[in-house]
file query_7.txt (compact mmCIF, C-alpha atoms)
# COMPACT_ATOMS: atom_id res chain seq x y z
CA MET E 1 99.23 106.57 134.90
CA ASN E 2 99.87 110.07 133.61
CA ASN E 3 97.12 110.83 131.13
CA ASP E 4 98.89 113.93 129.84
CA TYR E 5 101.90 111.93 128.75
CA LEU E 6 99.76 109.43 126.92
CA TRP E 7 97.95 112.27 125.14
CA ASP E 8 100.68 114.74 124.22
CA LYS E 9 103.91 113.52 125.87
CA LYS E 10 103.79 116.18 128.57
CA GLY E 11 105.23 115.10 131.90
CA SER E 12 106.33 111.50 132.27
CA ASP E 13 104.83 108.06 132.62
CA PRO E 14 107.35 105.22 133.13
CA GLU E 15 104.95 102.52 131.97
CA VAL E 16 104.09 104.21 128.68
CA GLU E 17 107.70 105.23 128.16
CA SER E 18 108.91 101.65 128.57
CA LEU E 19 106.30 100.45 126.09
CA GLU E 20 107.41 103.16 123.67
CA SER E 21 111.06 102.18 123.91
CA LEU E 22 110.18 98.52 123.49
CA LEU E 23 107.99 99.08 120.42
CA THR E 24 110.41 101.49 118.74
CA GLU E 25 111.88 98.41 117.06
CA PHE E 26 108.85 98.31 114.78
CA ARG E 27 109.11 101.96 113.77
CA ALA E 28 110.14 102.56 110.15
CA VAL E 29 112.03 105.43 108.56
CA PRO E 30 110.56 107.01 105.41
CA GLU E 31 112.44 105.87 102.33
CA ALA E 32 112.42 107.38 98.87
CA VAL E 33 109.12 108.64 97.55
CA PRO E 34 107.39 106.10 95.30
CA PRO E 35 108.14 106.89 91.63
CA ALA E 36 104.43 106.72 90.81
CA ALA E 37 104.16 110.26 92.10
CA GLU E 38 105.50 111.43 88.77
CA ILE E 39 102.84 109.64 86.74
CA PRO E 40 99.38 110.83 87.70
CA GLU E 41 96.64 108.54 86.45
CA GLN E 42 94.44 109.88 83.66
CA LYS E 43 90.80 110.43 84.38
CA THR E 44 88.52 107.82 82.86
CA SER E 45 84.82 107.65 83.37
CA VAL E 46 81.76 105.85 82.08
CA ALA E 47 80.34 109.14 80.83
CA GLY E 48 83.50 109.73 78.80
CA ALA E 49 83.34 106.28 77.25
CA LEU E 50 79.66 106.79 76.40
CA ARG E 51 80.48 110.13 74.86
CA MET E 52 83.12 108.48 72.69
CA ALA E 53 80.69 105.75 71.63
CA PHE E 54 78.04 108.38 70.88
CA ALA E 55 80.46 110.35 68.74
CA SER E 56 81.58 107.23 66.86
CA LEU E 57 78.02 106.17 66.14
CA SER E 58 77.10 109.69 65.06
CA PHE E 59 80.01 109.71 62.64
CA ALA E 60 79.04 106.28 61.29
CA SER E 61 75.43 107.24 60.79
CA VAL E 62 76.39 110.47 59.04
CA ALA E 63 78.67 108.48 56.75
CA ILE E 64 75.89 106.01 55.94
CA VAL E 65 73.40 108.79 55.25
CA ALA E 66 75.93 110.50 53.01
CA ALA E 67 76.49 107.26 51.14
CA GLY E 68 72.73 106.81 50.79
CA LEU E 69 72.28 110.29 49.43
CA PHE E 70 75.10 109.66 47.00
CA PHE E 71 73.41 106.46 45.86
CA PHE E 72 70.00 108.06 45.42
CA GLY E 73 71.59 110.97 43.67
CA SER E 74 72.72 108.67 40.87
CA ALA E 75 69.89 106.11 41.03
CA PHE E 76 67.04 108.53 40.50
CA GLN E 77 68.65 110.37 37.65
CA GLN E 78 68.06 107.61 35.16
CA PRO E 79 64.34 108.27 34.60
CA GLN E 80 65.23 111.91 34.12
CA ALA E 81 67.74 110.95 31.44
CA VAL E 82 65.09 108.84 29.76
CA SER E 83 62.78 111.76 29.49
CA ILE E 84 65.41 113.65 27.58
CA ASP E 85 65.98 110.64 25.42
CA LEU E 86 62.31 110.48 24.64
CA ASP E 87 62.50 114.11 23.88
CA GLY E 88 64.94 113.31 21.15
CA ALA E 89 62.46 110.77 19.77
CA GLY E 90 59.86 113.44 19.17
CA ARG E 91 58.17 113.77 22.52
CA THR E 92 58.32 117.18 24.11
CA ALA E 93 56.78 116.73 27.54
CA ALA E 94 59.90 116.07 29.55
CA SER E 95 58.43 117.60 32.69
CA GLU E 96 55.36 115.45 32.34
CA ILE E 97 57.25 112.21 32.67
CA PRO E 98 57.41 112.03 36.51
CA ASP E 99 53.66 112.61 36.70
CA SER E 100 52.88 110.27 33.90
CA PRO E 101 51.28 107.03 35.10
CA SER E 102 52.20 105.33 31.82
CA LEU E 103 55.91 105.31 32.66
CA THR E 104 55.89 101.79 34.11
CA VAL E 105 53.65 100.35 31.41
CA SER E 106 55.58 101.82 28.58
CA PRO E 107 56.27 99.23 25.86
CA ALA E 108 59.79 100.58 25.46
CA PRO E 109 61.25 101.09 28.98
CA PRO E 110 63.57 104.07 29.19
CA VAL E 111 66.55 102.04 30.35
CA VAL E 112 66.54 99.95 27.22
CA LYS E 113 68.30 102.52 25.04
CA PRO E 114 71.07 104.03 27.10
CA LEU E 115 73.43 104.14 24.12
CA ASN E 116 71.19 106.57 22.24
CA LEU E 117 71.92 109.37 24.64
CA THR E 118 72.86 112.63 23.08
CA LYS E 119 75.89 114.55 24.24
CA LYS E 120 73.74 116.98 26.17
CA SER E 121 71.72 114.27 27.81
CA LYS E 122 74.90 112.40 28.78
CA GLN E 123 76.05 115.49 30.60
CA ILE E 124 72.79 115.57 32.48
CA VAL E 125 73.00 111.89 33.32
CA ASN E 126 76.52 112.28 34.60
CA ARG E 127 75.58 115.24 36.71
CA ARG E 128 75.03 114.03 40.22
CA LYS E 129 72.49 115.65 42.49
CA SER E 130 73.63 117.60 45.47
CA PRO E 131 72.55 116.22 48.87
CA LYS E 132 69.86 118.90 49.17
CA GLU E 133 68.42 118.00 45.80
CA ALA E 134 68.47 114.35 46.70
CA VAL E 135 66.64 114.92 49.98
CA ALA E 136 64.04 116.97 48.16
CA ALA E 137 63.53 114.12 45.74
CA VAL E 138 61.72 111.71 48.05
CA PRO E 139 61.11 108.49 46.09
CA ALA E 140 57.46 108.08 45.22
CA ALA E 141 55.83 104.69 44.71
CA ASP E 142 55.98 104.94 40.94
CA GLN E 143 59.63 105.91 41.10
CA LEU E 144 60.41 102.85 43.22
CA ALA E 145 58.51 100.72 40.77
CA ALA E 146 60.72 102.05 37.99
CA LEU E 147 63.81 100.65 39.71
CA THR E 148 65.36 97.45 38.46
CA ASP E 149 65.52 94.43 40.77
CA GLU E 150 69.13 95.09 41.53
CA GLU E 151 68.47 98.72 42.39
CA ARG E 152 65.46 97.83 44.51
CA GLU E 153 67.51 95.31 46.46
CA ALA E 154 70.22 97.91 47.03
CA TYR E 155 67.58 100.39 48.14
CA GLU E 156 66.06 97.93 50.62
CA LYS E 157 69.50 97.11 52.04
CA LEU E 158 70.24 100.78 52.49
CA VAL E 159 66.93 101.42 54.26
CA LEU E 160 67.61 98.46 56.54
CA ALA E 161 71.10 99.75 57.35
CA LEU E 162 69.71 103.19 58.10
CA SER E 163 67.04 101.80 60.41
CA VAL E 164 69.59 99.69 62.32
CA THR E 165 71.88 102.68 62.70
CA THR E 166 69.00 104.84 63.86
CA SER E 167 67.98 102.35 66.54
CA SER E 168 71.59 102.03 67.75
CA PHE E 169 71.85 105.78 67.79
CA LYS E 170 68.69 106.06 69.87
CA LEU E 171 69.97 103.40 72.29
CA VAL E 172 73.15 105.36 72.92
CA GLN E 173 71.19 108.59 73.25
CA ASP E 174 68.93 106.97 75.86
CA LYS E 175 71.94 105.67 77.78
CA VAL E 176 73.55 109.10 77.79
CA ASP E 177 70.28 110.72 78.88
CA GLY E 178 69.83 108.07 81.56
CA THR E 179 66.46 106.96 80.22
CA TYR E 180 67.62 103.58 78.97
CA ALA E 181 65.56 100.66 80.27
CA GLY E 182 66.84 97.86 78.08
CA ASN E 183 66.70 95.01 80.64
CA ASP E 184 63.29 96.00 81.89
CA ALA E 185 61.94 96.18 78.38
CA ALA E 186 63.46 92.81 77.55
CA SER E 187 62.04 91.17 80.65
CA ASP E 188 58.64 92.73 79.94
CA SER E 189 58.65 91.36 76.42
CA ASN E 190 59.67 87.93 77.72
CA THR E 191 56.84 87.99 80.20
CA THR E 192 54.43 89.01 77.49
CA GLN E 193 55.57 86.22 75.22
CA GLU E 194 55.12 83.69 78.00
CA MET K 1 87.35 144.09 96.70
CA SER K 2 88.05 143.02 100.28
CA GLU K 3 91.25 143.92 102.11
CA SER K 4 92.41 140.32 102.44
CA ARG K 5 91.93 139.73 98.73
CA ILE K 6 93.94 142.83 97.85
CA SER K 7 96.77 141.80 100.17
CA ARG K 8 96.77 138.30 98.70
CA GLN K 9 97.04 139.65 95.18
CA LEU K 10 99.81 142.02 96.22
CA LEU K 11 101.76 139.13 97.72
CA ILE K 12 101.37 137.14 94.52
CA LEU K 13 102.44 140.15 92.45
CA HIS K 14 105.57 140.44 94.57
CA GLY K 15 106.66 137.01 93.45
CA ASN K 16 105.34 134.81 96.22
CA ASP K 17 104.10 131.34 95.38
CA ALA K 18 100.32 131.44 94.96
CA ASP K 19 99.75 128.31 97.05
CA GLN K 20 101.86 129.57 99.92
CA VAL K 21 100.04 132.87 99.81
CA GLU K 22 96.68 131.12 99.95
CA ALA K 23 97.89 129.06 102.89
CA SER K 24 99.29 132.04 104.72
CA CYS K 25 96.10 134.04 104.25
CA GLY K 26 94.14 131.34 106.04
CA ARG K 27 92.03 130.36 103.08
CA SER K 28 93.75 127.02 102.60
CA THR K 29 95.32 124.62 105.07
CA PRO K 30 98.95 123.51 104.60
CA GLU K 31 97.68 120.05 103.63
CA ALA K 32 95.46 121.51 100.92
CA ALA K 33 98.31 123.66 99.66
CA LEU K 34 100.52 120.58 99.47
CA VAL K 35 97.88 118.72 97.49
CA HIS K 36 97.47 121.63 95.06
CA ARG K 37 101.21 121.87 94.58
CA ALA K 38 101.49 118.13 93.99
CA LEU K 39 98.69 118.30 91.43
CA ASN K 40 100.59 121.10 89.71
CA GLY K 41 103.48 118.69 89.26
CA LYS K 42 105.76 119.83 92.10
CA GLN K 43 107.84 116.81 93.09
CA ASP K 44 108.80 118.30 96.45
CA ALA K 45 105.12 118.43 97.36
CA TYR K 46 104.92 114.68 96.83
CA ASP K 47 107.98 114.30 99.07
CA ASP K 48 106.35 116.40 101.78
CA LEU K 49 103.09 114.46 101.58
CA TYR K 50 105.01 111.20 101.78
CA ARG K 51 107.07 112.22 104.80
CA ARG K 52 104.15 113.83 106.57
CA TYR K 53 101.86 110.82 106.31
CA PHE K 54 104.40 107.99 106.34
CA PRO K 55 104.14 107.30 110.12
CA MET K 56 100.34 107.27 109.97
CA VAL K 57 100.24 104.86 107.02
CA HIS K 58 102.91 102.65 108.56
CA GLY K 59 100.98 102.51 111.83
CA ILE K 60 97.72 101.64 110.09
CA VAL K 61 99.46 98.93 108.08
CA LEU K 62 101.23 97.54 111.14
CA ALA K 63 97.93 97.34 113.01
CA ARG K 64 96.48 95.02 110.39
CA ALA K 65 99.31 93.27 108.57
CA PRO K 66 102.46 91.34 109.51
CA SER K 67 105.37 93.65 110.26
CA CYS K 68 107.52 91.99 107.59
CA GLU K 69 105.04 93.12 104.90
CA ALA K 70 104.55 96.61 106.26
CA ASP K 71 107.17 98.38 104.16
CA ASP K 72 105.91 97.02 100.85
CA LEU K 73 102.33 97.76 101.75
CA VAL K 74 103.18 101.33 102.73
CA GLN K 75 104.76 101.87 99.32
CA GLU K 76 101.72 100.39 97.60
CA VAL K 77 99.41 102.67 99.57
CA PHE K 78 101.33 105.79 98.56
CA ILE K 79 101.53 104.71 94.92
CA ALA K 80 97.77 104.21 94.87
CA ALA K 81 97.15 107.50 96.67
CA PHE K 82 99.41 109.56 94.41
CA LYS K 83 97.88 108.04 91.29
CA LYS K 84 94.40 108.96 92.48
CA LEU K 85 95.28 112.32 93.97
CA HIS K 86 93.32 114.17 91.28
CA THR K 87 90.14 112.43 92.46
CA LEU K 88 90.42 113.89 95.97
CA ASN K 89 87.42 116.17 96.49
CA ASP K 90 88.47 117.85 99.72
CA PRO K 91 92.23 118.55 99.86
CA ASP K 92 91.92 119.48 103.54
CA ALA K 93 90.98 115.88 104.29
CA VAL K 94 93.95 114.35 102.53
CA GLY K 95 95.11 112.56 105.72
CA GLY K 96 91.81 110.78 106.28
CA TRP K 97 91.68 109.98 102.57
CA ILE K 98 95.12 108.35 102.59
CA ALA K 99 94.20 106.47 105.80
CA SER K 100 91.09 105.03 104.14
CA ILE K 101 93.15 103.98 101.11
CA ALA K 102 95.60 102.23 103.45
CA ARG K 103 92.81 100.35 105.24
CA ARG K 104 91.23 99.23 101.98
CA ARG K 105 94.58 98.20 100.49
CA ILE K 106 95.39 96.00 103.50
CA VAL K 107 91.99 94.33 103.32
CA ASP K 108 92.51 93.65 99.60
CA SER K 109 96.02 92.29 100.01
CA HIS K 110 95.16 90.00 102.91
CA ARG K 111 91.86 88.71 101.65
CA GLY K 112 91.88 84.95 102.02
CA LYS K 113 95.09 84.75 104.00
CA ARG K 114 94.96 82.93 107.30
CA LYS K 115 96.19 84.26 110.59
CA GLU K 116 98.52 81.30 111.04
CA GLU K 117 100.50 82.42 108.00
CA GLU K 118 101.06 85.77 109.62
CA ILE K 119 102.54 84.24 112.77
CA THR K 120 104.76 81.88 110.78
CA GLU K 121 106.05 84.69 108.59
CA ASN K 122 106.88 86.80 111.58
CA LEU K 123 108.77 84.02 113.34
CA ALA K 124 110.64 83.15 110.16
CA SER K 125 111.79 86.71 109.59
CA PRO K 126 115.58 86.94 110.08
CA ASP K 127 115.56 90.48 111.48
CA ARG K 128 112.53 90.03 113.69
CA PRO K 129 112.29 92.13 116.86
CA SER K 130 112.73 90.74 120.34
CA ASN K 131 110.17 88.33 121.68
CA GLU K 132 109.04 90.77 124.32
CA ALA K 133 108.41 93.51 121.78
CA TYR K 134 106.64 91.08 119.53
CA GLU K 135 104.42 89.88 122.39
CA VAL K 136 103.44 93.44 123.24
CA LEU K 137 102.66 94.13 119.60
CA CYS K 138 100.53 90.98 119.41
CA ALA K 139 98.69 92.07 122.56
CA ILE K 140 97.96 95.45 120.96
CA LYS K 141 96.82 93.78 117.74
CA SER K 142 94.36 91.66 119.68
CA LEU K 143 92.54 94.80 120.85
CA PRO K 144 89.53 96.21 118.96
CA GLU K 145 90.57 97.83 115.69
CA ALA K 146 90.06 101.46 116.72
CA TYR K 147 92.09 101.06 119.92
CA CYS K 148 94.76 98.99 118.21
CA GLU K 149 95.34 101.53 115.43
CA THR K 150 95.46 104.51 117.78
CA LEU K 151 97.77 102.78 120.25
CA ILE K 152 100.19 101.72 117.50
CA LEU K 153 100.29 105.26 116.15
CA ARG K 154 101.02 106.50 119.66
CA LEU K 155 103.42 103.84 121.00
CA VAL K 156 105.15 102.59 117.86
CA GLU K 157 105.15 105.63 115.59
CA GLY K 158 105.57 108.08 118.45
CA MET K 159 102.80 110.41 117.37
CA THR K 160 101.00 112.50 119.98
CA GLY K 161 97.23 112.48 120.37
CA PRO K 162 96.69 115.77 118.48
CA GLU K 163 98.99 114.58 115.68
CA ILE K 164 97.00 111.35 115.34
CA ALA K 165 93.76 113.33 115.19
CA ASP K 166 95.08 115.74 112.58
CA ALA K 167 96.55 113.02 110.41
CA THR K 168 93.65 110.58 110.44
CA GLY K 169 90.85 113.11 110.45
CA LEU K 170 89.43 111.79 113.72
CA THR K 171 88.29 114.21 116.41
CA HIS K 172 90.54 114.88 119.39
CA ASP K 173 87.93 113.40 121.71
CA SER K 174 87.77 110.16 119.73
CA VAL K 175 91.54 109.78 119.79
CA ARG K 176 91.69 110.55 123.50
CA VAL K 177 89.01 107.96 124.27
CA ASN K 178 90.68 105.35 122.04
CA LEU K 179 94.03 105.92 123.72
CA HIS K 180 92.76 105.66 127.28
CA ARG K 181 90.43 102.72 126.74
CA GLY K 182 93.00 100.93 124.60
CA MET K 183 95.72 101.47 127.19
CA LYS K 184 93.45 100.16 129.93
CA MET K 185 92.70 97.00 127.93
CA LEU K 186 96.36 96.55 127.02
CA ARG K 187 97.43 96.82 130.63
CA LYS K 188 94.92 94.17 131.54
CA LYS K 189 96.12 91.85 128.77
CA LEU K 190 99.78 92.27 129.65
CA GLY K 191 99.03 91.85 133.36
CA VAL K 192 97.22 88.61 132.67
CA ARG K 193 100.13 87.35 130.61
CA ASN K 194 102.72 88.28 133.20
call {"tool": "encode", "arguments": {"input": "query_7.txt", "output": "structure tokens"}}
result
Amino acid sequence: MNNDYLWDKKGSDPEVESLESLLTEFRAVPEAVPPAAEIPEQKTSVAGALRMAFASLSFASVAIVAAGLFFFGSAFQQPQAVSIDLDGAGRTAASEIPDSPSLTVSPAPPVVKPLNLTKKSKQIVNRRKSPKEAVAAVPAADQLAALTDEEREAYEKLVLALSVTTSSFKLVQDKVDGTYAGNDAASDSNTTQE
Amino acid sequence: MSESRISRQLLILHGNDADQVEASCGRSTPEAALVHRALNGKQDAYDDLYRRYFPMVHGIVLARAPSCEADDLVQEVFIAAFKKLHTLNDPDAVGGWIASIARRRIVDSHRGKRKEEEITENLASPDRPSNEAYEVLCAIKSLPEAYCETLILRLVEGMTGPEIADATGLTHDSVRVNLHRGMKMLRKKLGVRN
């Protein structure tokens, strides 16, 4: 056997040549290039999908926070309007109202007479707080107590929604950072419960 | 700035194709240049890649699949490779990369199929090769995978040892060993049969 012929077809080797001629029947000729060459596949990755989810959740949480600020902006203006109303009734200490502990035990609650608002006070009531003002106005305990049942329920729902969004947000952040240990934590808690 | 870099930039300024210049300056192999051109949307680069690696892919497919399915499988391999071309990290190793895609694709397509089906399909094929050629091919297919693939590339596709090494990414020594050991085993098998 001629090893050179088997390696690079130099010289001749009748045995290998006969095998070549016999097996040529199986040889194929290149046809047209597959059309898929014109359509390269787009890159998709887990990181990209996570980034999209992160962006969506961020947008949703920002929208919820904005809605919350909008709500508080109008909800916490009512006691302020009342102070002006009381002003019209002869009381002058409008700025004392928020500090006054007697607001909740007042025999005539401020929300009882909304129709007696003066033109000036109506303008103040209708004026909504800017987001910065609303953030600065953190609801104190007495302010929460001044809310009606309906308002309090709305407030609790909003806080719940914000907490759920925050936890989802943190989950996505952990996944993106690679520090997520959801299954481990779940199995640990199961073990603890057992 | 080095002399080679200046000359490269001068060539590009004089209207030469950037990829060809890179290839001619020794910084990039012709295979890598082809890959870059294909990724830049040049259809002729896809044609060149297809024609350059068609015999290798056909040989790999023929070593593992029935000959009647080889043409379809070759097309599928190239479609998959061209779609994923942007994921290729080392353009110099495009041959080995396409070869690995071909091997995986054949495994996927023949998962669960029995060997008996293969024989039946081959006998039922209207344009099947002569019995003698088919027997020799079966004898080659019964060899260990590495020998079988190399021998088919050499005897069926007509590639030389260096061409097989360059296309598949194997070393010259590996191809030489596979050819000689495979040929020795094939001779023994055919001698036993005769």
call {"tool": "axis_aligned_box", "arguments": {"input": "query_7.txt", "around": "segment 58-73 of chain E", "padding_each_side": "4 Å", "output": "AutoDock Vina command-line options"}}
result
--center_x 75.0 --center_y 108.5 --center_z 54.4 --size_x 18.0 --size_y 13.0 --size_z 29.4
call {"tool": "atom_distance", "arguments": {"input": "query_7.txt", "atom1": "atom CA of Ser28 of chain K", "atom2": "atom CA of Ile101 of chain K"}}
result
23.1 Å
call {"tool": "residues_around", "arguments": {"input": "query_7.txt", "residues": "Leu57 of chain E", "least_positions_apart": "5", "cutoff": "9 Å", "atoms": "all atoms listed in the file", "output": "number ranges by chain"}}
result
E: 52, 62, 165, 168-169, 172
call {"tool": "interface_residues", "arguments": {"input": "query_7.txt", "of": "chain K", "to": "chain E", "cutoff": "6 Å", "atoms": "all atoms listed in the file", "output": "list in words"}}
result
Asp47, Ile79, Phe82, Lys83, Ala133, Leu155, Val156, Glu157, Thr160 and Gly161 of chain K
call {"tool": "residues_around", "arguments": {"input": "query_7.txt", "residues": "Asp90 of chain K", "least_positions_apart": "4", "cutoff": "9 Å", "atoms": "all atoms listed in the file", "output": "PyMOL selection string"}}
result
chain K and resi 32+94+97
call {"tool": "atom_distance", "arguments": {"input": "query_7.txt", "atom1": "atom CA of Val65 of chain E", "atom2": "atom CA of Asp174 of chain E"}}
result
21.2 Å
call {"tool": "atom_distance", "arguments": {"input": "query_7.txt", "atom1": "atom CA of Phe54 of chain E", "atom2": "atom CA of Lys84 of chain K"}}
result
27.1 Å
call {"tool": "closest_residue", "arguments": {"input": "query_7.txt", "among": "K:Ser142, K:Arg103, K:Met183, K:Val136", "to": "Gly59 of chain K", "atoms": "all atoms listed in the file"}}
result
K:Arg103
call {"tool": "closest_residue", "arguments": {"input": "query_7.txt", "among": "K:Thr171, K:Gln75, K:Asn178, K:Ser109", "to": "Leu143 of chain K", "atoms": "only C-alpha atoms"}}
result
K:Asn178
call {"tool": "decode", "arguments": {"input": "query_7.txt", "residues": "segment 123-180 of chain K", "atoms": "C-alpha atoms", "output": "JSON list (two decimals), in the first residue's frame"}}
result
[["chain", "number", "residue", "atom", "x", "y", "z"],
["K", 123, "LEU", "CA", -32.60, -1.20, -0.25],
["K", 124, "ALA", "CA", -35.90, 0.42, -1.14],
["K", 125, "SER", "CA", -34.26, 3.44, -2.72],
["K", 126, "PRO", "CA", -34.85, 3.42, -6.50],
["K", 127, "ASP", "CA", -31.52, 5.02, -7.41],
["K", 128, "ARG", "CA", -29.43, 3.07, -4.95],
["K", 129, "PRO", "CA", -25.79, 2.41, -5.82],
["K", 130, "SER", "CA", -24.44, -0.98, -6.81],
["K", 131, "ASN", "CA", -24.39, -3.74, -4.27],
["K", 132, "GLU", "CA", -20.62, -3.83, -4.22],
["K", 133, "ALA", "CA", -20.36, -0.12, -3.49],
["K", 134, "TYR", "CA", -23.02, -0.40, -0.86],
["K", 135, "GLU", "CA", -21.22, -3.32, 0.80],
["K", 136, "VAL", "CA", -17.98, -1.37, 0.94],
["K", 137, "LEU", "CA", -19.80, 1.61, 2.42],
["K", 138, "CYS", "CA", -21.42, -0.63, 5.03],
["K", 139, "ALA", "CA", -18.00, -2.07, 5.87],
["K", 140, "ILE", "CA", -16.64, 1.46, 6.37],
["K", 141, "LYS", "CA", -19.64, 2.41, 8.50],
["K", 142, "SER", "CA", -19.01, -0.56, 10.76],
["K", 143, "LEU", "CA", -15.59, 0.85, 11.69],
["K", 144, "PRO", "CA", -15.09, 3.06, 14.77],
["K", 145, "GLU", "CA", -16.56, 6.52, 14.27],
["K", 146, "ALA", "CA", -13.29, 8.43, 13.89],
["K", 147, "TYR", "CA", -11.93, 6.02, 11.28],
["K", 148, "CYS", "CA", -15.25, 5.79, 9.47],
["K", 149, "GLU", "CA", -15.65, 9.56, 9.13],
["K", 150, "THR", "CA", -12.08, 10.12, 7.96],
["K", 151, "LEU", "CA", -12.19, 7.26, 5.46],
["K", 152, "ILE", "CA", -15.48, 8.47, 3.97],
["K", 153, "LEU", "CA", -14.08, 11.96, 3.59],
["K", 154, "ARG", "CA", -11.05, 10.48, 1.86],
["K", 155, "LEU", "CA", -12.58, 7.72, -0.29],
["K", 156, "VAL", "CA", -16.08, 9.04, -1.00],
["K", 157, "GLU", "CA", -15.62, 12.81, -1.00],
["K", 158, "GLY", "CA", -12.13, 12.63, -2.49],
["K", 159, "MET", "CA", -10.53, 14.97, 0.02],
["K", 160, "THR", "CA", -6.83, 14.62, 0.78],
["K", 161, "GLY", "CA", -5.49, 14.19, 4.31],
["K", 162, "PRO", "CA", -4.44, 17.86, 4.70],
["K", 163, "GLU", "CA", -7.82, 19.01, 3.35],
["K", 164, "ILE", "CA", -9.63, 16.82, 5.89],
["K", 165, "ALA", "CA", -7.49, 18.23, 8.68],
["K", 166, "ASP", "CA", -8.06, 21.83, 7.62],
["K", 167, "ALA", "CA", -11.79, 21.40, 7.18],
["K", 168, "THR", "CA", -12.57, 19.49, 10.37],
["K", 169, "GLY", "CA", -10.06, 21.22, 12.62],
["K", 170, "LEU", "CA", -8.29, 17.96, 13.44],
["K", 171, "THR", "CA", -4.50, 17.83, 13.48],
["K", 172, "HIS", "CA", -2.64, 16.35, 10.52],
["K", 173, "ASP", "CA", -1.28, 13.59, 12.73],
["K", 174, "SER", "CA", -4.76, 12.59, 13.90],
["K", 175, "VAL", "CA", -6.05, 12.42, 10.34],
["K", 176, "ARG", "CA", -3.03, 10.43, 9.20],
["K", 177, "VAL", "CA", -3.45, 7.92, 12.03],
["K", 178, "ASN", "CA", -7.21, 7.62, 11.39],
["K", 179, "LEU", "CA", -6.63, 7.01, 7.70],
["K", 180, "HIS", "CA", -4.00, 4.33, 8.13]]
